[in-house]
Amino acid sequence: MRGAYFDAATAAPLHPAAREALLGALDDGWADPGKLYTQARRARMLLDAARATIAQVLGVRPDELSFTSSGSTAAHAAVLGGLAGRRRAGATLVRSAIEHSAVLHAGERHARDGGAEAEVPVDLLGRVDLDAWTRAVTAPGVALAALISASHEVGTVQPVAAAAAACRSAGVPLYVDAAQSLGRTPVPEGWSLLTGSARKWGGPPGVGLLVVRKGTRWVSPYPADDRESGRFPGAPDLPAILAAAASLHAVHQTAAQETKRLSALVDHVRATVAATVPDVEIVGDPADRLPHIVTFSCLYVDGEALLTALDRRGFAVSSGSACTSSTLRPSHVLAAMGVLTHGNIRLSLHRDTTADQVERFLAELPGIVASLRAEVGM
Amino acid sequence: MNPDTPVDVLDCLGQRCPLPVIALAKRLPSAPVGAVVRVLADDPAAAVDIPAWCRMRAQQYVGAVSVDGSPAFDVRRLS
């Protein structure tokens, strides 16, 4: 295999522990956990065990954790339910400019329904402006504040503890989208709502986590349903949830070593790309970042052409360039940072990523970029 | 002559990223130092990428204007 899969920030390959749990559950865990017969009680027991496992890794109570149908639906529920629960306190959602699109879209829905939004800018490295954040959450009428734990596009870790302290002083609940950091780095503190996505840590797609801390005012944005403590409707995908729990438990055991290994690979990519590709901007914080994400933009290069050329050589990467998005708009994260949006590539590494794969990528990249530039006379 | 008056206007309307930035990079070195070149570009990426290019290349981003309803970006050659 010449190429490599470098898009774990979208979906990591299924962890072997997830595969094993998933296959087992297809035989054993298909019944509805809400019913009263033997098969259902077995399903309930398995669901409770999965919830307990994940709650323990997150450091929360099992009854604070609900399963949703994806990371995006969890984000929608956190934002809309958090706003609904604080309707009497105000109608403003404060959020950073670099939240995941699921948070942005939930905010747009809120604004269309008569609510308000306040966007807090980030600096050139992609870190939220804490002074502006503090002013925004202290303003009258704020119902909820949303801050991503670390940027999914450039990896920069956000100052969640300081942002949480500002929220606490203002009496505003904080929602943290921790999709990129769960299973990799310690869970931040000081939040009222937290969400995650199993496919980011090697679990299957279709499992999201919604954590509502005790005492948080949260009102379901959905029609009534008694599943998942009334927090998310529909029958849970029990086999996928069991696989999510098994894989989170497994990656948590090795997180410290993996963080060290992947972070060293990312350092190597950052240094080598800067040295071997002319006119390249490596974006995001070089040190205070997620262990597995590295993003850079190549001047004069079409992002879609670069992605396609890499794919032809077997390298799967993501891009924030406008030409690679369905809307033909550049990534809102790169735009908010003020960094180059064209010729943009994000590599996100995972447990199957080897140093050899990274070396092959680094060996091929300069030639690919040079030939794409030559095509446009640069 | 007003030093902010463009010496050249590059019509990149309808062109997608990164073509407007490429046009600017090809034209600016032949403009006199201190002169302003204007880029007409309606690709949404241009509003981010032209200032970013100026920062990376140590040229001055003068600002965005509207020309006959189209977005335009002024850049001064510093070196």
# chains A, B, ... in the order shown; residues from 1 in each chain; ligands from 1
>>> select_by_dssp(residues="chain B", states="helix (DSSP H, G or I)", output="list in words")
Leu19, Pro20, Val21, Ile22, Ala23, Leu24, Ala25, Lys26, Arg27, Leu28, Pro29, Ser30, Ala46, Ala47, Val48, Asp49, Ile50, Pro51, Ala52, Trp53, Cys54, Arg55, Met56 and Arg57 of chain B
>>> write_last_selection(atoms="N, CA, C and O atoms", output="mmCIF file, in the first residue's frame")
data_model
loop_
_atom_site.group_PDB
_atom_site.id
_atom_site.type_symbol
_atom_site.label_atom_id
_atom_site.label_comp_id
_atom_site.auth_asym_id
_atom_site.auth_seq_id
_atom_site.Cartn_x
_atom_site.Cartn_y
_atom_site.Cartn_z
ATOM 1 N N LEU B 19 -7.034 31.796 -8.570
ATOM 2 C CA LEU B 19 -6.643 32.576 -9.750
ATOM 3 C C LEU B 19 -6.480 34.075 -9.485
ATOM 4 O O LEU B 19 -5.521 34.679 -9.974
ATOM 5 N N PRO B 20 -7.364 34.733 -8.698
ATOM 6 C CA PRO B 20 -7.151 36.168 -8.449
ATOM 7 C C PRO B 20 -5.819 36.461 -7.738
ATOM 8 O O PRO B 20 -5.157 37.450 -8.048
ATOM 9 N N VAL B 21 -5.436 35.569 -6.812
ATOM 10 C CA VAL B 21 -4.174 35.769 -6.098
ATOM 11 C C VAL B 21 -2.988 35.559 -7.043
ATOM 12 O O VAL B 21 -1.986 36.277 -6.983
ATOM 13 N N ILE B 22 -3.128 34.593 -7.951
ATOM 14 C CA ILE B 22 -2.066 34.355 -8.941
ATOM 15 C C ILE B 22 -1.917 35.587 -9.848
ATOM 16 O O ILE B 22 -0.796 36.040 -10.120
ATOM 17 N N ALA B 23 -3.043 36.151 -10.268
ATOM 18 C CA ALA B 23 -2.985 37.345 -11.131
ATOM 19 C C ALA B 23 -2.278 38.493 -10.415
ATOM 20 O O ALA B 23 -1.444 39.198 -10.995
ATOM 21 N N LEU B 24 -2.591 38.651 -9.136
ATOM 22 C CA LEU B 24 -1.950 39.708 -8.339
ATOM 23 C C LEU B 24 -0.451 39.454 -8.204
ATOM 24 O O LEU B 24 0.363 40.364 -8.375
ATOM 25 N N ALA B 25 -0.094 38.211 -7.919
ATOM 26 C CA ALA B 25 1.314 37.871 -7.722
ATOM 27 C C ALA B 25 2.123 38.068 -9.004
ATOM 28 O O ALA B 25 3.307 38.403 -8.950
ATOM 29 N N LYS B 26 1.474 37.864 -10.148
ATOM 30 C CA LYS B 26 2.188 38.052 -11.417
ATOM 31 C C LYS B 26 2.327 39.533 -11.767
ATOM 32 O O LYS B 26 3.317 39.941 -12.369
ATOM 33 N N ARG B 27 1.327 40.344 -11.392
ATOM 34 C CA ARG B 27 1.312 41.751 -11.807
ATOM 35 C C ARG B 27 2.108 42.655 -10.868
ATOM 36 O O ARG B 27 2.800 43.571 -11.329
ATOM 37 N N LEU B 28 1.994 42.419 -9.564
ATOM 38 C CA LEU B 28 2.534 43.403 -8.613
ATOM 39 C C LEU B 28 4.037 43.668 -8.781
ATOM 40 O O LEU B 28 4.455 44.829 -8.677
ATOM 41 N N PRO B 29 4.870 42.654 -9.035
ATOM 42 C CA PRO B 29 6.314 42.927 -9.137
ATOM 43 C C PRO B 29 6.678 43.907 -10.250
ATOM 44 O O PRO B 29 7.742 44.525 -10.189
ATOM 45 N N SER B 30 5.817 44.085 -11.263
ATOM 46 C CA SER B 30 6.155 45.030 -12.331
ATOM 47 C C SER B 30 5.555 46.412 -12.084
ATOM 48 O O SER B 30 5.772 47.331 -12.861
ATOM 49 N N ALA B 46 -11.406 35.314 -2.071
ATOM 50 C CA ALA B 46 -10.478 36.417 -2.347
ATOM 51 C C ALA B 46 -10.401 37.379 -1.164
ATOM 52 O O ALA B 46 -9.323 37.909 -0.850
ATOM 53 N N ALA B 47 -11.514 37.605 -0.482
ATOM 54 C CA ALA B 47 -11.551 38.558 0.637
ATOM 55 C C ALA B 47 -10.634 38.122 1.772
ATOM 56 O O ALA B 47 -10.174 38.942 2.568
ATOM 57 N N VAL B 48 -10.378 36.832 1.884
ATOM 58 C CA VAL B 48 -9.465 36.319 2.908
ATOM 59 C C VAL B 48 -8.060 36.152 2.322
ATOM 60 O O VAL B 48 -7.054 36.506 2.936
ATOM 61 N N ASP B 49 -8.005 35.625 1.098
ATOM 62 C CA ASP B 49 -6.712 35.217 0.544
ATOM 63 C C ASP B 49 -5.846 36.381 0.082
ATOM 64 O O ASP B 49 -4.615 36.298 0.149
ATOM 65 N N ILE B 50 -6.457 37.467 -0.385
ATOM 66 C CA ILE B 50 -5.632 38.604 -0.821
ATOM 67 C C ILE B 50 -4.953 39.277 0.397
ATOM 68 O O ILE B 50 -3.738 39.477 0.369
ATOM 69 N N PRO B 51 -5.672 39.557 1.495
ATOM 70 C CA PRO B 51 -4.953 40.062 2.688
ATOM 71 C C PRO B 51 -3.916 39.063 3.219
ATOM 72 O O PRO B 51 -2.831 39.469 3.654
ATOM 73 N N ALA B 52 -4.241 37.763 3.170
ATOM 74 C CA ALA B 52 -3.285 36.755 3.668
ATOM 75 C C ALA B 52 -2.035 36.730 2.793
ATOM 76 O O ALA B 52 -0.912 36.615 3.296
ATOM 77 N N TRP B 53 -2.225 36.859 1.483
ATOM 78 C CA TRP B 53 -1.074 36.899 0.573
ATOM 79 C C TRP B 53 -0.189 38.112 0.901
ATOM 80 O O TRP B 53 1.041 38.001 0.943
ATOM 81 N N CYS B 54 -0.820 39.259 1.129
ATOM 82 C CA CYS B 54 -0.056 40.476 1.468
ATOM 83 C C CYS B 54 0.770 40.258 2.732
ATOM 84 O O CYS B 54 1.937 40.659 2.807
ATOM 85 N N ARG B 55 0.176 39.610 3.738
ATOM 86 C CA ARG B 55 0.899 39.348 4.992
ATOM 87 C C ARG B 55 2.083 38.416 4.733
ATOM 88 O O ARG B 55 3.190 38.653 5.200
ATOM 89 N N MET B 56 1.843 37.346 3.956
ATOM 90 C CA MET B 56 2.914 36.378 3.689
ATOM 91 C C MET B 56 4.026 36.994 2.847
ATOM 92 O O MET B 56 5.194 36.642 3.000
ATOM 93 N N ARG B 57 3.674 37.907 1.932
ATOM 94 C CA ARG B 57 4.644 38.472 0.998
ATOM 95 C C ARG B 57 5.127 39.857 1.426
ATOM 96 O O ARG B 57 5.837 40.519 0.674
#
>>> interface_residues(of="chain A", to="chain B", cutoff="9 Å", atoms="only C-alpha atoms", output="list in words")
Asp279, Glu281, Leu299, Tyr300, Val301, Asp302, Gly303, Ser321, Ala322, Cys323, Leu328, Arg329, Pro330, Ser331, Leu334, Ala335, Ala336, Gly338, Val339, Leu340, Thr341, His342, Gly343, Val376, Gly377 and Met378 of chain A
>>> residues_around(residues="stretch 22-24 of chain A", least_positions_apart="6", cutoff="8 Å", atoms="only C-alpha atoms", output="list in words")
Pro239, Ala240, Leu242 and Ala243 of chain A
>>> select_by_dssp(residues="stretch 234-330 of chain A", states="strand (DSSP E)", output="list of chain:residue names")
A:Val280, A:Glu281, A:Ile282, A:Val283, A:Ile293, A:Val294, A:Thr295, A:Phe296, A:Ser297, A:Cys298, A:Phe315, A:Ala316
>>> residues_around(residues="stretch 154-159 of chain A", least_positions_apart="2", cutoff="8 Å", atoms="only C-alpha atoms", output="list of chain:residue names")
A:Leu125, A:Gly126, A:Arg127, A:Val128, A:Leu130, A:Leu147, A:Ile148, A:Ser149, A:Ala150, A:Ser151, A:His152, A:Ala161, A:Ala162, A:Ala163, A:Val283, A:Gly284, A:Asp285, A:Asp288, A:Arg289, A:Leu290, A:Pro291, A:His292, A:Ile293, A:Val294, A:Thr295, A:Arg346
>>> write_last_selection(atoms="N, CA, C and O atoms", output="tab-separated table (two decimals), in the first residue's frame")
chain	number	residue	atom	x	y	z
A	125	LEU	N	-3.58	32.39	15.18
A	125	LEU	CA	-3.30	30.98	15.47
A	125	LEU	C	-4.59	30.18	15.67
A	125	LEU	O	-4.54	28.97	15.85
A	126	GLY	N	-5.73	30.88	15.68
A	126	GLY	CA	-6.99	30.17	15.84
A	126	GLY	C	-7.43	30.02	17.28
A	126	GLY	O	-8.22	29.12	17.60
A	127	ARG	N	-6.93	30.89	18.16
A	127	ARG	CA	-7.33	30.83	19.58
A	127	ARG	C	-8.32	31.94	19.85
A	127	ARG	O	-8.11	33.08	19.44
A	128	VAL	N	-9.38	31.60	20.59
A	128	VAL	CA	-10.45	32.57	20.84
A	128	VAL	C	-9.91	33.75	21.65
A	128	VAL	O	-9.04	33.59	22.52
A	130	LEU	N	-9.97	35.97	24.45
A	130	LEU	CA	-10.59	35.82	25.78
A	130	LEU	C	-11.22	37.11	26.29
A	130	LEU	O	-12.24	37.07	26.99
A	147	LEU	N	-18.11	26.85	23.07
A	147	LEU	CA	-16.69	26.91	22.69
A	147	LEU	C	-16.21	25.49	22.40
A	147	LEU	O	-16.36	24.58	23.22
A	148	ILE	N	-15.60	25.32	21.23
A	148	ILE	CA	-15.03	24.03	20.84
A	148	ILE	C	-13.79	23.77	21.70
A	148	ILE	O	-13.07	24.72	22.06
A	149	SER	N	-13.53	22.51	22.09
A	149	SER	CA	-12.39	22.25	22.97
A	149	SER	C	-11.07	22.50	22.25
A	149	SER	O	-10.10	22.98	22.85
A	150	ALA	N	-11.04	22.19	20.97
A	150	ALA	CA	-9.87	22.43	20.14
A	150	ALA	C	-10.35	22.44	18.69
A	150	ALA	O	-11.26	21.69	18.34
A	151	SER	N	-9.73	23.27	17.87
A	151	SER	CA	-10.22	23.42	16.51
A	151	SER	C	-10.14	22.12	15.72
A	151	SER	O	-9.08	21.50	15.65
A	152	HIS	N	-11.26	21.75	15.11
A	152	HIS	CA	-11.27	20.54	14.29
A	152	HIS	C	-10.54	20.75	12.97
A	152	HIS	O	-10.20	19.80	12.30
A	161	ALA	N	-10.66	26.47	30.21
A	161	ALA	CA	-10.74	26.77	31.65
A	161	ALA	C	-10.99	28.25	31.90
A	161	ALA	O	-11.86	28.62	32.71
A	162	ALA	N	-10.27	29.11	31.17
A	162	ALA	CA	-10.45	30.56	31.35
A	162	ALA	C	-11.82	31.00	30.83
A	162	ALA	O	-12.49	31.84	31.44
A	163	ALA	N	-12.24	30.42	29.69
A	163	ALA	CA	-13.56	30.75	29.14
A	163	ALA	C	-14.66	30.31	30.10
A	163	ALA	O	-15.66	31.01	30.29
A	283	VAL	N	-0.62	26.42	9.48
A	283	VAL	CA	-1.55	27.18	10.30
A	283	VAL	C	-1.86	26.46	11.62
A	283	VAL	O	-1.62	25.26	11.77
A	284	GLY	N	-2.37	27.21	12.58
A	284	GLY	CA	-2.67	26.66	13.90
A	284	GLY	C	-1.49	26.82	14.84
A	284	GLY	O	-0.37	27.09	14.41
A	285	ASP	N	-1.76	26.64	16.13
A	285	ASP	CA	-0.71	26.82	17.14
A	285	ASP	C	0.32	25.68	17.02
A	285	ASP	O	-0.06	24.51	17.02
A	288	ASP	N	0.52	24.45	21.37
A	288	ASP	CA	-0.70	24.20	22.14
A	288	ASP	C	-1.80	23.74	21.18
A	288	ASP	O	-2.68	24.50	20.80
A	289	ARG	N	-1.69	22.48	20.78
A	289	ARG	CA	-2.55	21.96	19.72
A	289	ARG	C	-2.91	20.51	20.03
A	289	ARG	O	-2.31	19.86	20.87
A	290	LEU	N	-3.90	19.99	19.27
A	290	LEU	CA	-4.23	18.58	19.36
A	290	LEU	C	-3.03	17.77	18.86
A	290	LEU	O	-2.27	18.23	18.02
A	291	PRO	N	-2.90	16.53	19.35
A	291	PRO	CA	-1.72	15.75	18.94
A	291	PRO	C	-1.74	15.28	17.50
A	291	PRO	O	-0.69	14.99	16.94
A	292	HIS	N	-2.92	15.22	16.89
A	292	HIS	CA	-3.02	14.47	15.63
A	292	HIS	C	-3.33	15.29	14.39
A	292	HIS	O	-3.46	14.73	13.31
A	293	ILE	N	-3.49	16.62	14.54
A	293	ILE	CA	-3.93	17.43	13.39
A	293	ILE	C	-2.83	18.40	12.95
A	293	ILE	O	-2.22	19.08	13.78
A	294	VAL	N	-2.58	18.46	11.64
A	294	VAL	CA	-1.67	19.46	11.08
A	294	VAL	C	-2.29	19.98	9.79
A	294	VAL	O	-2.80	19.20	8.97
A	295	THR	N	-2.29	21.30	9.65
A	295	THR	CA	-2.97	21.96	8.53
A	295	THR	C	-2.02	22.97	7.89
A	295	THR	O	-1.31	23.68	8.61
A	346	ARG	N	-5.55	19.41	5.33
A	346	ARG	CA	-5.48	18.99	6.73
A	346	ARG	C	-5.15	17.51	6.77
A	346	ARG	O	-5.85	16.69	6.18
>>> residues_around(residues="A:Pro204", least_positions_apart="5", cutoff="12 Å", atoms="only C-alpha atoms", output="JSON, numbers by chain")
{"A": [10, 11, 12, 13, 14, 15, 16, 17, 18, 19, 20, 21, 22, 23, 69, 70, 71, 197, 198, 199, 237, 238, 239, 240, 241, 242, 243, 244, 245, 246, 247, 248]}
>>> residues_around(residues="B:Pro6", least_positions_apart="3", cutoff="12 Å", atoms="only C-alpha atoms", output="list in words")
Met1, Asn2, Pro3, Val9, Leu10, Leu28, Ala31, Pro32, Gly34, Ala35, Val36, Val37, Arg38, Val39, Leu40, Val62, Val65, Ala72, Phe73, Asp74, Val75, Arg76 and Arg77 of chain B
>>> write_last_selection(atoms="N, CA and C atoms", output="PDB file, in the first residue's frame")
ATOM      1  N   MET B   1      -0.817  62.913  -8.460  1.00  0.00           N
ATOM      2  CA  MET B   1      -1.788  61.814  -8.443  1.00  0.00           C
ATOM      3  C   MET B   1      -1.906  61.243  -7.038  1.00  0.00           C
ATOM      4  N   ASN B   2      -3.107  60.963  -6.629  1.00  0.00           N
ATOM      5  CA  ASN B   2      -3.339  60.340  -5.321  1.00  0.00           C
ATOM      6  C   ASN B   2      -2.596  58.991  -5.255  1.00  0.00           C
ATOM      7  N   PRO B   3      -1.734  58.805  -4.236  1.00  0.00           N
ATOM      8  CA  PRO B   3      -0.950  57.562  -4.176  1.00  0.00           C
ATOM      9  C   PRO B   3      -1.813  56.312  -4.013  1.00  0.00           C
ATOM     10  N   VAL B   9      -5.873  47.787 -12.858  1.00  0.00           N
ATOM     11  CA  VAL B   9      -7.023  47.060 -12.317  1.00  0.00           C
ATOM     12  C   VAL B   9      -7.073  45.682 -12.988  1.00  0.00           C
ATOM     13  N   LEU B  10      -7.014  44.643 -12.176  1.00  0.00           N
ATOM     14  CA  LEU B  10      -7.040  43.276 -12.698  1.00  0.00           C
ATOM     15  C   LEU B  10      -8.463  42.750 -12.586  1.00  0.00           C
ATOM     16  N   LEU B  28       1.994  42.419  -9.564  1.00  0.00           N
ATOM     17  CA  LEU B  28       2.534  43.403  -8.613  1.00  0.00           C
ATOM     18  C   LEU B  28       4.037  43.668  -8.781  1.00  0.00           C
ATOM     19  N   ALA B  31       4.794  46.564 -10.998  1.00  0.00           N
ATOM     20  CA  ALA B  31       4.298  47.890 -10.618  1.00  0.00           C
ATOM     21  C   ALA B  31       5.408  48.616  -9.853  1.00  0.00           C
ATOM     22  N   PRO B  32       5.434  49.958  -9.912  1.00  0.00           N
ATOM     23  CA  PRO B  32       6.453  50.688  -9.149  1.00  0.00           C
ATOM     24  C   PRO B  32       6.260  50.482  -7.641  1.00  0.00           C
ATOM     25  N   GLY B  34       5.444  51.333  -4.093  1.00  0.00           N
ATOM     26  CA  GLY B  34       4.564  52.390  -3.608  1.00  0.00           C
ATOM     27  C   GLY B  34       3.252  52.464  -4.372  1.00  0.00           C
ATOM     28  N   ALA B  35       3.186  51.826  -5.543  1.00  0.00           N
ATOM     29  CA  ALA B  35       1.974  51.884  -6.357  1.00  0.00           C
ATOM     30  C   ALA B  35       0.938  50.879  -5.868  1.00  0.00           C
ATOM     31  N   VAL B  36      -0.321  51.184  -6.208  1.00  0.00           N
ATOM     32  CA  VAL B  36      -1.430  50.309  -5.798  1.00  0.00           C
ATOM     33  C   VAL B  36      -1.979  49.580  -7.025  1.00  0.00           C
ATOM     34  N   VAL B  37      -2.208  48.283  -6.864  1.00  0.00           N
ATOM     35  CA  VAL B  37      -2.872  47.481  -7.890  1.00  0.00           C
ATOM     36  C   VAL B  37      -4.213  47.024  -7.313  1.00  0.00           C
ATOM     37  N   ARG B  38      -5.257  47.154  -8.125  1.00  0.00           N
ATOM     38  CA  ARG B  38      -6.600  46.758  -7.674  1.00  0.00           C
ATOM     39  C   ARG B  38      -6.991  45.429  -8.321  1.00  0.00           C
ATOM     40  N   VAL B  39      -7.574  44.522  -7.505  1.00  0.00           N
ATOM     41  CA  VAL B  39      -8.044  43.235  -8.018  1.00  0.00           C
ATOM     42  C   VAL B  39      -9.563  43.185  -7.875  1.00  0.00           C
ATOM     43  N   LEU B  40     -10.254  43.064  -8.992  1.00  0.00           N
ATOM     44  CA  LEU B  40     -11.705  42.828  -8.939  1.00  0.00           C
ATOM     45  C   LEU B  40     -11.902  41.321  -8.839  1.00  0.00           C
ATOM     46  N   VAL B  62      -4.291  47.443   1.261  1.00  0.00           N
ATOM     47  CA  VAL B  62      -4.858  48.772   1.492  1.00  0.00           C
ATOM     48  C   VAL B  62      -6.306  48.651   1.961  1.00  0.00           C
ATOM     49  N   VAL B  65     -12.861  47.648  -1.544  1.00  0.00           N
ATOM     50  CA  VAL B  65     -13.797  48.664  -2.012  1.00  0.00           C
ATOM     51  C   VAL B  65     -14.834  47.965  -2.894  1.00  0.00           C
ATOM     52  N   ALA B  72     -13.709  44.614  -4.725  1.00  0.00           N
ATOM     53  CA  ALA B  72     -12.370  44.886  -5.256  1.00  0.00           C
ATOM     54  C   ALA B  72     -11.411  45.054  -4.079  1.00  0.00           C
ATOM     55  N   PHE B  73     -10.155  44.708  -4.310  1.00  0.00           N
ATOM     56  CA  PHE B  73      -9.166  44.694  -3.230  1.00  0.00           C
ATOM     57  C   PHE B  73      -7.912  45.430  -3.700  1.00  0.00           C
ATOM     58  N   ASP B  74      -7.477  46.412  -2.898  1.00  0.00           N
ATOM     59  CA  ASP B  74      -6.327  47.234  -3.279  1.00  0.00           C
ATOM     60  C   ASP B  74      -5.086  46.788  -2.523  1.00  0.00           C
ATOM     61  N   VAL B  75      -3.986  46.651  -3.257  1.00  0.00           N
ATOM     62  CA  VAL B  75      -2.721  46.182  -2.677  1.00  0.00           C
ATOM     63  C   VAL B  75      -1.606  47.128  -3.114  1.00  0.00           C
ATOM     64  N   ARG B  76      -0.786  47.562  -2.148  1.00  0.00           N
ATOM     65  CA  ARG B  76       0.342  48.443  -2.470  1.00  0.00           C
ATOM     66  C   ARG B  76       1.634  47.643  -2.441  1.00  0.00           C
ATOM     67  N   ARG B  77       2.440  47.841  -3.493  1.00  0.00           N
ATOM     68  CA  ARG B  77       3.745  47.190  -3.521  1.00  0.00           C
ATOM     69  C   ARG B  77       4.694  47.903  -2.560  1.00  0.00           C
TER      70      ARG B  77
END
>>> atom_distance(atom1="atom CA of A:His100", atom2="atom CA of A:Asp177")
8.1 Å
>>> residues_around(residues="A:Gly183", least_positions_apart="3", cutoff="7 Å", atoms="only C-alpha atoms", output="list of chain:residue names")
A:Trp201, A:Leu248, A:Val251, A:His252, A:Ala255
>>> write_last_selection(atoms="all heavy atoms", output="CSV table (one decimal), in the first residue's frame")
chain,number,residue,atom,x,y,z
A,201,TRP,N,-12.9,8.8,17.5
A,201,TRP,CA,-11.9,8.0,18.3
A,201,TRP,C,-11.8,6.6,17.9
A,201,TRP,O,-11.1,5.8,18.6
A,201,TRP,CB,-12.2,8.2,19.8
A,201,TRP,CG,-13.4,7.4,20.3
A,201,TRP,CD1,-13.6,6.1,20.3
A,201,TRP,CD2,-14.6,8.0,20.9
A,201,TRP,NE1,-14.8,5.8,20.8
A,201,TRP,CE2,-15.4,6.9,21.2
A,201,TRP,CE3,-15.0,9.3,21.1
A,201,TRP,CZ2,-16.7,7.1,21.8
A,201,TRP,CZ3,-16.2,9.5,21.7
A,201,TRP,CH2,-17.1,8.5,22.0
A,248,LEU,N,-13.6,3.5,23.0
A,248,LEU,CA,-13.2,4.6,23.9
A,248,LEU,C,-12.4,4.1,25.1
A,248,LEU,O,-11.3,4.7,25.4
A,248,LEU,CB,-14.4,5.5,24.4
A,248,LEU,CG,-14.0,6.7,25.2
A,248,LEU,CD1,-13.2,7.7,24.4
A,248,LEU,CD2,-15.2,7.4,25.8
A,251,VAL,N,-8.9,3.2,23.6
A,251,VAL,CA,-8.0,4.3,23.2
A,251,VAL,C,-7.6,5.1,24.5
A,251,VAL,O,-6.5,5.7,24.6
A,251,VAL,CB,-8.6,5.3,22.2
A,251,VAL,CG1,-8.8,4.5,20.9
A,251,VAL,CG2,-9.8,6.0,22.6
A,252,HIS,N,-8.5,5.1,25.5
A,252,HIS,CA,-8.2,5.9,26.7
A,252,HIS,C,-7.0,5.2,27.4
A,252,HIS,O,-6.1,5.9,28.0
A,252,HIS,CB,-9.4,5.8,27.6
A,252,HIS,CG,-9.2,6.6,28.9
A,252,HIS,ND1,-9.0,8.0,28.9
A,252,HIS,CD2,-9.2,6.2,30.2
A,252,HIS,CE1,-8.9,8.4,30.2
A,252,HIS,NE2,-9.0,7.3,31.0
A,255,ALA,N,-3.9,6.5,25.5
A,255,ALA,CA,-3.9,7.9,25.0
A,255,ALA,C,-2.6,8.6,25.2
A,255,ALA,O,-2.2,9.3,24.3
A,255,ALA,CB,-5.1,8.6,25.7
>>> decode(residues="stretch 236-240 of chain A", atoms="all heavy atoms", output="PDB file, in the first residue's frame")
ATOM      1  N   PRO A 236     -32.021   3.693  20.397  1.00  0.00           N
ATOM      2  CA  PRO A 236     -30.568   3.828  20.256  1.00  0.00           C
ATOM      3  C   PRO A 236     -29.994   2.656  19.462  1.00  0.00           C
ATOM      4  O   PRO A 236     -30.513   1.545  19.514  1.00  0.00           O
ATOM      5  CB  PRO A 236     -30.066   3.838  21.703  1.00  0.00           C
ATOM      6  CG  PRO A 236     -31.142   3.189  22.498  1.00  0.00           C
ATOM      7  CD  PRO A 236     -32.434   3.443  21.783  1.00  0.00           C
ATOM      8  N   ASP A 237     -28.902   2.921  18.718  1.00  0.00           N
ATOM      9  CA  ASP A 237     -28.212   1.885  17.956  1.00  0.00           C
ATOM     10  C   ASP A 237     -27.278   1.157  18.923  1.00  0.00           C
ATOM     11  O   ASP A 237     -26.110   1.507  19.076  1.00  0.00           O
ATOM     12  CB  ASP A 237     -27.428   2.553  16.819  1.00  0.00           C
ATOM     13  CG  ASP A 237     -26.754   1.533  15.917  1.00  0.00           C
ATOM     14  OD1 ASP A 237     -26.654   0.345  16.305  1.00  0.00           O
ATOM     15  OD2 ASP A 237     -26.325   1.921  14.830  1.00  0.00           O
ATOM     16  N   LEU A 238     -27.834   0.158  19.594  1.00  0.00           N
ATOM     17  CA  LEU A 238     -27.098  -0.488  20.684  1.00  0.00           C
ATOM     18  C   LEU A 238     -25.786  -1.124  20.232  1.00  0.00           C
ATOM     19  O   LEU A 238     -24.752  -0.908  20.883  1.00  0.00           O
ATOM     20  CB  LEU A 238     -28.011  -1.504  21.390  1.00  0.00           C
ATOM     21  CG  LEU A 238     -27.403  -2.203  22.605  1.00  0.00           C
ATOM     22  CD1 LEU A 238     -26.913  -1.196  23.643  1.00  0.00           C
ATOM     23  CD2 LEU A 238     -28.430  -3.139  23.233  1.00  0.00           C
ATOM     24  N   PRO A 239     -25.755  -1.895  19.133  1.00  0.00           N
ATOM     25  CA  PRO A 239     -24.452  -2.448  18.719  1.00  0.00           C
ATOM     26  C   PRO A 239     -23.398  -1.362  18.502  1.00  0.00           C
ATOM     27  O   PRO A 239     -22.236  -1.509  18.922  1.00  0.00           O
ATOM     28  CB  PRO A 239     -24.786  -3.181  17.418  1.00  0.00           C
ATOM     29  CG  PRO A 239     -26.221  -3.572  17.578  1.00  0.00           C
ATOM     30  CD  PRO A 239     -26.853  -2.416  18.313  1.00  0.00           C
ATOM     31  N   ALA A 240     -23.774  -0.270  17.858  1.00  0.00           N
ATOM     32  CA  ALA A 240     -22.809   0.820  17.616  1.00  0.00           C
ATOM     33  C   ALA A 240     -22.382   1.469  18.933  1.00  0.00           C
ATOM     34  O   ALA A 240     -21.211   1.843  19.103  1.00  0.00           O
ATOM     35  CB  ALA A 240     -23.421   1.854  16.673  1.00  0.00           C
TER      36      ALA A 240
END
